[in-house]
Amino acid sequence: MTWKDVPTQSLSAGGVDFAYRELGQHNGGTPVVFLVHLAAVLDNWDPRMLDGFSTKHHVVAFDNRGVGASTGTPANTIEQMADDAITFIKAKGFKQVDLFGFSMGGMIAQEIVLKEPNLVRKLILAGTGPAGGPGISNVAGVANYDLLRATFTGQDPKQYLFFTRTPNGIEAGKFFLKRLQERSDNRDKEITVRAYVAQLQALGAWGQKQPADLSVVRQPVLVVNGDDDRMVPTSNSYDLAKRLLHSQLIIYPDAGHGGVFQYHEDFVPKVLAFLAN
């Protein structure tokens with residue numbers, strides 16, 4: 001079973017039917033829960049990421065409340081998204097998890113570990129930043145600008161949002177978008193405009209929020225980004241790594257917000273090593 005053909009399941013908890021997919025249950029150990037980015041559903045995860053992690057780990061990805069095939073009213077705060085994730089994790093019966101949060105998902109992961117530190121063993125924070133980080137409250141402007149740009153040029157917005165406009169970045173974006181189409185059957189529902197607007201509100205508020213005291217986070221953390229992230233400026237990754245006491249930092253060259261997808265052949269083995277220690 002691979003990400004391309006694994007069935008979508010549903011779990012009812014806290015008044016929400018959460019849509020989710022999981023791989024690698026036979027591996028046992030601490031499950032890795034994936035927390036997704038702005039406007040994303042299950043089919044926005046890079047198959048190479050899920051398949052790579054699941055060679056050694058039990059991995060689970062789910063749709064946030066009111067997003068994709070999950071029911072309920074979309075959350076418009078990062079805090080509510082974290083509460084929903086905690087509800088889902090506990091309903092799955094997991095006593096402790098590793099978290100992989102990408103972009104908005106990395107913000108959700110930070111809230112989870114602050115709210116429920118005993119629930120989290122290790123964190124991977126990619127393309128993300130701390131509360132109140134520079135540029136985060138401008139995500140809506142950047143995203144909507146690139147949506148327009150993509151519409152006029154016939155491109156997928158992620159080509160602009162996730163990758164640099166260098167030859168390497170453009171090529172990596174094309175390969176990434178092609179991978180996202182590998183699953184042809186039983187694809188997830190697209191995000192609604194209502195849910196997208198709610199998420200933009202959440203990001204705007206997170207960008208204006210007072211910074212949290214991240215020195216209380218005792219878990220090992222892997223912080224990753226590209227060196228030219230337009231959505232969540234790369235300076236936020238350096239800041240996170242400084243403020244988290246037990247962190248490692250990886251910055252990929254000639255890469256943007258989606259650096260972990262561009263460099264998946266390097267990133268997946270590094271994550272497996274990080275989780276194994």
# chains A, B, ... in the order shown; residues from 1 in each chain; ligands from 1
call {"tool": "residues_around", "arguments": {"residues": "Ala82 in chain A", "least_positions_apart": "6", "cutoff": "8 Å", "atoms": "only C-alpha atoms", "output": "MDAnalysis selection string"}}
result
chainID A and resid 108:109 111:112
call {"tool": "write_last_selection", "arguments": {"atoms": "all heavy atoms", "output": "JSON list (two decimals), in the first residue's frame"}}
result
[["chain", "number", "residue", "atom", "x", "y", "z"],
["A", 108, "ILE", "N", 0.46, 24.97, 13.91],
["A", 108, "ILE", "CA", -0.43, 24.09, 14.68],
["A", 108, "ILE", "C", 0.40, 23.18, 15.59],
["A", 108, "ILE", "O", 0.07, 22.98, 16.76],
["A", 108, "ILE", "CB", -1.31, 23.26, 13.73],
["A", 108, "ILE", "CG1", -2.20, 24.17, 12.89],
["A", 108, "ILE", "CG2", -2.16, 22.26, 14.50],
["A", 108, "ILE", "CD1", -2.91, 23.46, 11.73],
["A", 109, "ALA", "N", 1.51, 22.65, 15.06],
["A", 109, "ALA", "CA", 2.37, 21.77, 15.85],
["A", 109, "ALA", "C", 2.93, 22.49, 17.07],
["A", 109, "ALA", "O", 3.01, 21.90, 18.16],
["A", 109, "ALA", "CB", 3.52, 21.24, 14.98],
["A", 111, "GLU", "N", 1.54, 24.95, 18.70],
["A", 111, "GLU", "CA", 0.44, 25.08, 19.67],
["A", 111, "GLU", "C", 0.18, 23.75, 20.38],
["A", 111, "GLU", "O", -0.07, 23.73, 21.59],
["A", 111, "GLU", "CB", -0.84, 25.56, 18.97],
["A", 111, "GLU", "CG", -0.88, 27.03, 18.70],
["A", 111, "GLU", "CD", -0.95, 27.86, 19.97],
["A", 111, "GLU", "OE1", -1.73, 27.54, 20.87],
["A", 111, "GLU", "OE2", -0.19, 28.85, 20.06],
["A", 112, "ILE", "N", 0.25, 22.66, 19.65],
["A", 112, "ILE", "CA", 0.00, 21.34, 20.26],
["A", 112, "ILE", "C", 1.02, 21.05, 21.34],
["A", 112, "ILE", "O", 0.67, 20.63, 22.45],
["A", 112, "ILE", "CB", 0.02, 20.23, 19.19],
["A", 112, "ILE", "CG1", -1.17, 20.37, 18.24],
["A", 112, "ILE", "CG2", -0.01, 18.84, 19.85],
["A", 112, "ILE", "CD1", -1.12, 19.44, 17.03]]
call {"tool": "closest_atom_pairs", "arguments": {"of": "range 100-166 of chain A", "to": "range 194-198 of chain A", "cutoff": "12 Å", "atoms": "only C-alpha atoms", "output": "JSON lines"}}
result
{"residue": "A:Val139", "atom": "CA", "partner": "A:Val197", "partner_atom": "CA", "distance": 11.8}
{"residue": "A:Ala140", "atom": "CA", "partner": "A:Val197", "partner_atom": "CA", "distance": 9.0}
{"residue": "A:Ala143", "atom": "CA", "partner": "A:Tyr196", "partner_atom": "CA", "distance": 10.8}
{"residue": "A:Asn144", "atom": "CA", "partner": "A:Val197", "partner_atom": "CA", "distance": 10.8}
call {"tool": "write_last_selection", "arguments": {"atoms": "all heavy atoms", "output": "PDB file, in the first residue's frame"}}
result
ATOM      1  N   VAL A 139       0.774  36.629   4.762  1.00  0.00           N
ATOM      2  CA  VAL A 139       0.599  35.427   3.940  1.00  0.00           C
ATOM      3  C   VAL A 139      -0.572  35.576   2.981  1.00  0.00           C
ATOM      4  O   VAL A 139      -0.497  35.177   1.814  1.00  0.00           O
ATOM      5  CB  VAL A 139       0.427  34.176   4.832  1.00  0.00           C
ATOM      6  CG1 VAL A 139      -0.103  32.996   4.008  1.00  0.00           C
ATOM      7  CG2 VAL A 139       1.752  33.792   5.468  1.00  0.00           C
ATOM      8  N   ALA A 140      -1.677  36.151   3.451  1.00  0.00           N
ATOM      9  CA  ALA A 140      -2.860  36.304   2.596  1.00  0.00           C
ATOM     10  C   ALA A 140      -2.529  37.111   1.344  1.00  0.00           C
ATOM     11  O   ALA A 140      -2.921  36.743   0.228  1.00  0.00           O
ATOM     12  CB  ALA A 140      -3.997  36.969   3.363  1.00  0.00           C
ATOM     13  N   ALA A 143      -0.253  34.986  -0.950  1.00  0.00           N
ATOM     14  CA  ALA A 143      -0.996  33.867  -1.544  1.00  0.00           C
ATOM     15  C   ALA A 143      -1.964  34.362  -2.614  1.00  0.00           C
ATOM     16  O   ALA A 143      -2.032  33.787  -3.719  1.00  0.00           O
ATOM     17  CB  ALA A 143      -1.744  33.103  -0.455  1.00  0.00           C
ATOM     18  N   ASN A 144      -2.708  35.417  -2.320  1.00  0.00           N
ATOM     19  CA  ASN A 144      -3.697  35.900  -3.284  1.00  0.00           C
ATOM     20  C   ASN A 144      -3.040  36.526  -4.509  1.00  0.00           C
ATOM     21  O   ASN A 144      -3.543  36.390  -5.632  1.00  0.00           O
ATOM     22  CB  ASN A 144      -4.653  36.884  -2.608  1.00  0.00           C
ATOM     23  CG  ASN A 144      -5.567  36.189  -1.609  1.00  0.00           C
ATOM     24  OD1 ASN A 144      -5.896  35.016  -1.773  1.00  0.00           O
ATOM     25  ND2 ASN A 144      -5.979  36.903  -0.574  1.00  0.00           N
TER      26      ASN A 144
END
call {"tool": "residues_around", "arguments": {"residues": "range 180-186 of chain A", "least_positions_apart": "6", "cutoff": "12 Å", "atoms": "only C-alpha atoms", "output": "CSV table (one decimal) with C-alpha atoms, in the first residue's frame"}}
result
chain,number,residue,atom,x,y,z
A,2,THR,CA,1.3,3.4,-0.9
A,3,TRP,CA,0.0,7.0,-0.7
A,4,LYS,CA,-1.2,6.7,-4.2
A,5,ASP,CA,-3.8,4.0,-3.4
A,6,VAL,CA,-4.2,3.9,0.4
A,7,PRO,CA,-8.0,4.2,1.3
A,8,THR,CA,-9.4,7.3,2.9
A,9,GLN,CA,-11.0,6.5,6.3
A,21,ARG,CA,-5.2,8.2,5.6
A,40,ALA,CA,-4.4,21.9,1.5
A,41,VAL,CA,-6.3,18.6,1.6
A,42,LEU,CA,-4.9,15.0,1.8
A,43,ASP,CA,-4.0,15.0,-1.9
A,44,ASN,CA,-1.6,18.0,-1.4
A,45,TRP,CA,0.9,15.8,0.5
A,46,ASP,CA,3.9,14.8,-1.6
A,47,PRO,CA,3.7,11.0,-2.1
A,48,ARG,CA,7.4,10.7,-1.8
A,49,MET,CA,7.2,12.1,1.7
A,50,LEU,CA,4.5,9.8,3.0
A,69,ALA,CA,-13.8,15.4,3.4
A,156,ASP,CA,-0.6,26.1,-10.6
A,158,LYS,CA,2.1,26.3,-5.9
A,173,GLY,CA,7.9,22.6,-9.0
A,174,LYS,CA,6.9,20.8,-12.2
A,261,PHE,CA,9.5,18.7,-1.4
call {"tool": "closest_atom_pairs", "arguments": {"of": "range 91-185 of chain A", "to": "range 234-254 of chain A", "cutoff": "12 Å", "atoms": "only C-alpha atoms", "output": "CSV"}}
result
residue,atom,partner,partner_atom,distance
A:Phe102,CA,A:Ser237,CA,11.9
A:Ser103,CA,A:Ser237,CA,10.7
A:Gly106,CA,A:Ser237,CA,10.7
A:Met107,CA,A:Leu240,CA,11.0
A:Gln110,CA,A:Leu240,CA,10.3
A:Val113,CA,A:Leu244,CA,11.9
A:Lys122,CA,A:His246,CA,10.0
A:Leu123,CA,A:Ser247,CA,9.3
A:Ile124,CA,A:Ser247,CA,9.5
A:Leu125,CA,A:Ser237,CA,8.6
A:Ala126,CA,A:Ser237,CA,8.1
A:Gly127,CA,A:Ser237,CA,7.3
A:Thr128,CA,A:Ser237,CA,6.5
A:Gly129,CA,A:Asn236,CA,4.8
A:Pro130,CA,A:Leu240,CA,6.4
A:Ala131,CA,A:Asn236,CA,9.7
A:Gly132,CA,A:Asn236,CA,9.7
A:Gly133,CA,A:Asn236,CA,6.1
A:Pro134,CA,A:Asn236,CA,7.0
A:Gly135,CA,A:Asn236,CA,8.8
A:Ile136,CA,A:Asn236,CA,8.9
A:Phe162,CA,A:Asp254,CA,11.6
A:Phe163,CA,A:Asp254,CA,8.7
A:Thr164,CA,A:Asp254,CA,6.8
A:Arg165,CA,A:Asp254,CA,9.3
A:Thr166,CA,A:Asp254,CA,7.6
A:Pro167,CA,A:Asp254,CA,9.7
A:Asn168,CA,A:Asp254,CA,7.5
A:Gly169,CA,A:Asp254,CA,6.9
A:Ile170,CA,A:Asp254,CA,10.6
A:Glu171,CA,A:Asp254,CA,11.8
A:Ala172,CA,A:Asp254,CA,10.6
call {"tool": "select_by_dssp", "arguments": {"residues": "range 67-118 of chain A", "states": "alpha helix (DSSP H)", "output": "JSON, numbers by chain"}}
result
{"A": [78, 79, 80, 81, 82, 83, 84, 85, 86, 87, 88, 89, 90, 91, 104, 105, 106, 107, 108, 109, 110, 111, 112, 113, 114, 115]}
call {"tool": "atom_distance", "arguments": {"atom1": "CA of Val67 in chain A", "atom2": "CA of Thr192 in chain A"}}
result
7.2 Å
call {"tool": "select_by_dssp", "arguments": {"residues": "range 87-174 of chain A", "states": "strand (DSSP E)", "output": "list in words"}}
result
Val97, Asp98, Leu99, Phe100, Gly101, Phe102, Val120, Arg121, Lys122, Leu123, Ile124, Leu125 and Ala126 of chain A
call {"tool": "write_last_selection", "arguments": {"atoms": "N, CA, C and O atoms", "output": "tab-separated table (two decimals), in the first residue's frame"}}
result
chain	number	residue	atom	x	y	z
A	97	VAL	N	2.94	11.04	20.05
A	97	VAL	CA	3.16	11.11	18.60
A	97	VAL	C	4.37	11.97	18.29
A	97	VAL	O	4.82	12.78	19.11
A	98	ASP	N	4.91	11.79	17.09
A	98	ASP	CA	5.83	12.74	16.49
A	98	ASP	C	4.99	13.61	15.55
A	98	ASP	O	4.04	13.11	14.91
A	99	LEU	N	5.31	14.88	15.44
A	99	LEU	CA	4.55	15.79	14.59
A	99	LEU	C	5.41	16.30	13.44
A	99	LEU	O	6.54	16.74	13.66
A	100	PHE	N	4.86	16.22	12.23
A	100	PHE	CA	5.48	16.86	11.07
A	100	PHE	C	4.54	17.97	10.61
A	100	PHE	O	3.47	17.69	10.07
A	101	GLY	N	4.91	19.21	10.90
A	101	GLY	CA	4.06	20.33	10.52
A	101	GLY	C	4.71	21.15	9.42
A	101	GLY	O	5.83	21.63	9.57
A	102	PHE	N	3.98	21.29	8.32
A	102	PHE	CA	4.49	22.10	7.20
A	102	PHE	C	3.70	23.39	7.12
A	102	PHE	O	2.46	23.38	7.04
A	120	VAL	N	3.66	14.80	22.78
A	120	VAL	CA	4.60	14.94	21.66
A	120	VAL	C	5.99	14.42	22.04
A	120	VAL	O	6.54	14.82	23.08
A	121	ARG	N	6.56	13.57	21.18
A	121	ARG	CA	7.92	13.07	21.40
A	121	ARG	C	8.95	13.91	20.66
A	121	ARG	O	9.94	14.34	21.22
A	122	LYS	N	8.74	14.14	19.35
A	122	LYS	CA	9.65	14.94	18.52
A	122	LYS	C	8.83	15.75	17.53
A	122	LYS	O	7.70	15.38	17.18
A	123	LEU	N	9.43	16.84	17.03
A	123	LEU	CA	8.76	17.69	16.05
A	123	LEU	C	9.65	17.96	14.85
A	123	LEU	O	10.86	18.13	15.00
A	124	ILE	N	9.02	18.02	13.68
A	124	ILE	CA	9.67	18.50	12.46
A	124	ILE	C	8.84	19.69	11.99
A	124	ILE	O	7.64	19.56	11.73
A	125	LEU	N	9.48	20.87	11.93
A	125	LEU	CA	8.79	22.11	11.57
A	125	LEU	C	9.39	22.63	10.27
A	125	LEU	O	10.54	23.07	10.24
A	126	ALA	N	8.63	22.57	9.20
A	126	ALA	CA	9.14	22.93	7.87
A	126	ALA	C	8.38	24.13	7.30
A	126	ALA	O	7.15	24.18	7.40
call {"tool": "closest_residue", "arguments": {"among": "A:Ile86, A:Val232, A:Ala39, A:Leu275", "to": "Gly207 in chain A", "atoms": "only C-alpha atoms"}}
result
A:Val232
call {"tool": "closest_residue", "arguments": {"among": "A:Thr77, A:Thr153, A:Gln25, A:Gln159", "to": "Lys209 in chain A", "atoms": "only C-alpha atoms"}}
result
A:Thr77
call {"tool": "closest_residue", "arguments": {"among": "A:Pro74, A:Pro157, A:Pro31, A:Gly259", "to": "Val60 in chain A", "atoms": "only C-alpha atoms"}}
result
A:Pro31
call {"tool": "closest_residue", "arguments": {"among": "A:His26, A:Arg149, A:Phe18, A:Lys56", "to": "Pro269 in chain A", "atoms": "only C-alpha atoms"}}
result
A:Lys56
